[in-house]
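K.L.:
Here it is, the structure in full.
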Amino acid sequence: MTDAAAPAHPAATSAALPTFEDVRAAASRLKGVAHRTPVLGSRTIDEQLGARLFFKCENLQRIGAFKFRGAYNALSQFTPEQRKGGALAFSSGNHAQAVALAAQLLDMPALIVMPEDAPASKMAATRGYGAQVVTYDRFTEDREAIARKLAAERGMTLIPPYNHRDVIAGQGTAVMELLEEVPDLDYLFVCLGGGGLLSGSLLAANALAPQCKVIGVEPEAGNDVQQSLRAGHIVKIDTPRTIADGAQTQAPGDITFAIIQQRVSDVLTVNDEQLVEAMRFYAERMKIVVEPTGALSLAAAIHGNVPLAGKRVGIVISGGNVDLQRFSQLLSD
Ligand SMILES: *Cc1c(COP(=O)(O)O)cnc(C)c1O
């Protein structure tokens, strides 16, 4: 386990880092806008692990994932000038829909830059929230350059999917809600891609439940955060091959990594087979649809060799967006 008490670069980054106060402020902006998602339990898994598990169901959040929280928190703080220009994001996943819906609710334009081979269902969903979608060729064009050019031309504000203080603060509100309902957790397992959800969760957990050990969970093939923690600096990997498409990040951001490095108890990994097993458990036993990335947290609680017997354990289910054909394919293999 990393030593949570020994921040590596406190002076370099701490001035810019978001705090629990930012999470609290985000919660008041999101009140009545984001769903307060339910916390579910399962006697089956409790008996299997000899622990009590509390599942925070962000698969039931608006747009089907926690990302609505961060996007809305960021866009709702735009200046009148920024609102006129609108929001821009590059994403083919849940962040695209989150920014599109937040922009629609706040009555501002949104433009999403997506690869032209992104699933048609995702493009349609994003357009359904009123966003304009611009496509690019993943193999020949640089999406960040395209996004920067469009943002400059149209006076739009680019909102990144995780490395942004308002996004992080918004994501932290899910665990803040969980801890308001279940204050005495011993462990908390959080799905981990670029680290927006984990760093926000760490801010909330350290403030509300300092005894709680927070564990981030990455796909085994994409353990960029684990490698970065071991190296003591951000390590960039090739785009990983995994069914956890929401966690195919190549590296954490400087803000998310600084928070994770200071506060996390551990980062674990699970493989695709273990993700499918957790998805099957959710569907069969809890009657909920969870996408592969959303199953990271439970898969590590089952397979991560953490001594959970007799403990109270929070599990963040991060999202449920998987098309049904793919879902049944994964479960039948
Ligand atoms: C984006 C996403 C993640 C990873 O979140 P980060 O903030 O990038 O770590 C996990 N699960 C789902 C469902 C997501 O959409």
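Residue numbering restarts at 1 in every chain; chains get A, B, ... in the order shown in the structure tokens, and ligands count up from 1 in that same order.
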Name each residue within 9 Å of ligand 1, counting only C-alpha atoms and all ligand atoms, as an NGL selection string.
P.N.:
:A and (58-59 or 64-67 or 93-95 or 161-163 or 167-168 or 171 or 190-200 or 216 or 218 or 244-249 or 252 or 256 or 290-296 or 317-321)
K.L.:
Report as a VMD selection string: the residues of stretch 91-321 of chain A with a DSSP assignment of helix (DSSP H, G or I), based on the backbone of this structure.
P.N.:
chain A and resid 94 to 105 120 to 128 143 to 154 165 to 181 196 to 208 220 to 222 224 to 231 245 to 247 254 to 263 272 to 286 292 to 303
K.L.:
Report as a VMD selection string all protein, DNA and RNA residues lying within 12 Å of A:Ala120, evaluated on only C-alpha atoms, omitting residues in the same chain fewer than 4 positions from it.
P.N.:
chain A and resid 92 to 93 114 to 116 124 to 128 133 135 323
K.L.:
Between A:Ser201, A:Gln250, A:Gln211, A:Thr37, which one has atoms that come closest to A:Ser228, using only C-alpha atoms?
P.N.:
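Ranking A:Ser201, A:Gln250, A:Gln211, A:Thr37 by distance to A:Ser228, first place goes to A:Gln250.
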K.L.:
Could you pull the residues within 8 Å of A:Ala204, counting only C-alpha atoms, minus those fewer than 2 positions along the same chain, as JSON, numbers by chain?
P.N.:
{"A": [20, 23, 172, 173, 175, 176, 200, 201, 202, 206, 207, 208, 209]}
K.L.:
Write out as a list of chain:residue names the residues lying within 6 Å of A:Pro219, counting only C-alpha atoms and excluding same-chain residues fewer than 6 positions away.
P.N.:
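Contacts, in chain order: A:Thr269, A:Val270, A:Asn271.
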K.L.:
Atoms to include: N, CA, C and O atoms. Write the selected residues as an mmCIF file, in the first residue's frame.
P.N.:
data_model
loop_
_atom_site.group_PDB
_atom_site.id
_atom_site.type_symbol
_atom_site.label_atom_id
_atom_site.label_comp_id
_atom_site.auth_asym_id
_atom_site.auth_seq_id
_atom_site.Cartn_x
_atom_site.Cartn_y
_atom_site.Cartn_z
ATOM 1 N N THR A 269 -5.876 -4.302 -9.798
ATOM 2 C CA THR A 269 -6.324 -4.547 -11.164
ATOM 3 C C THR A 269 -7.140 -5.840 -11.219
ATOM 4 O O THR A 269 -6.964 -6.733 -10.386
ATOM 5 N N VAL A 270 -8.018 -5.909 -12.216
ATOM 6 C CA VAL A 270 -8.781 -7.143 -12.482
ATOM 7 C C VAL A 270 -8.761 -7.402 -13.986
ATOM 8 O O VAL A 270 -8.526 -6.484 -14.774
ATOM 9 N N ASN A 271 -9.006 -8.664 -14.372
ATOM 10 C CA ASN A 271 -9.002 -8.975 -15.805
ATOM 11 C C ASN A 271 -10.427 -8.996 -16.367
ATOM 12 O O ASN A 271 -11.412 -8.891 -15.621
#
K.L.:
Give one line per residue of stretch 184-224 of chain A that approaches stretch 300-310 of chain A to at most 9 Å, naming the two atoms of the closest pair and their distance in Å to one decimal, counting only C-alpha atoms; sort by chain then ascending residue number and deliver it as a tab-separated table.
P.N.:
residue	atom	partner	partner_atom	distance
A:Asp186	CA	A:Leu308	CA	8.7
A:Tyr187	CA	A:Leu308	CA	8.1
A:Phe189	CA	A:Ala301	CA	7.2
A:Val217	CA	A:Ala300	CA	6.7
K.L.:
Can I get the selected residues back with C-alpha atoms, as a PDB file, in the first residue's frame?
P.N.:
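Just written: selection05.pdb:
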ATOM      1  CA  ASP A 186     -14.034   0.385   6.358  1.00  0.00           C
ATOM      2  CA  TYR A 187     -13.270   0.081   2.630  1.00  0.00           C
ATOM      3  CA  PHE A 189     -13.772   0.346  -4.054  1.00  0.00           C
ATOM      4  CA  VAL A 217      -9.543  -0.488  -9.535  1.00  0.00           C
TER       5      VAL A 217
END
K.L.:
Would you please work out which residue, of A:Asp254, A:Glu21, A:Asp266, A:Glu273, is nearest to A:Arg230 when using only C-alpha atoms?
P.N.:
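Answer, going by the shortest atom-to-atom distance: A:Asp266.
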K.L.:
From the list A:Leu158, A:Leu178, A:Leu298, A:Ala103, which residue is nearest A:Ile45 when using only C-alpha atoms?
P.N.:
A:Leu298
K.L.:
Quick one: of A:Leu101, A:Leu229, A:Gln274, A:Met286, who's nearest to A:Gln262, counting only C-alpha atoms?
P.N.:
A:Leu229
K.L.:
Which residue gives the smallest distance to A:Ala96 among A:Arg52, A:Arg83, A:Arg43, A:Lys122, with only C-alpha atoms counted?
P.N.:
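Between A:Arg52, A:Arg83, A:Arg43, A:Lys122, the residue approaching A:Ala96 most closely is A:Lys122.
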K.L.:
Residues near A:Val113, anyone? I mean within 10 Å using only C-alpha atoms, not counting same-chain ones fewer than 4 positions away, as a list in words.
P.N.:
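Listed by chain and then number, they are Leu88, Ala89, Phe90, Ser91, Ser92, Ala96, Gln132, Val133, Val134, Thr135, Tyr136, Arg143, Glu144, Ile146, Ala147 and Leu150 of chain A.
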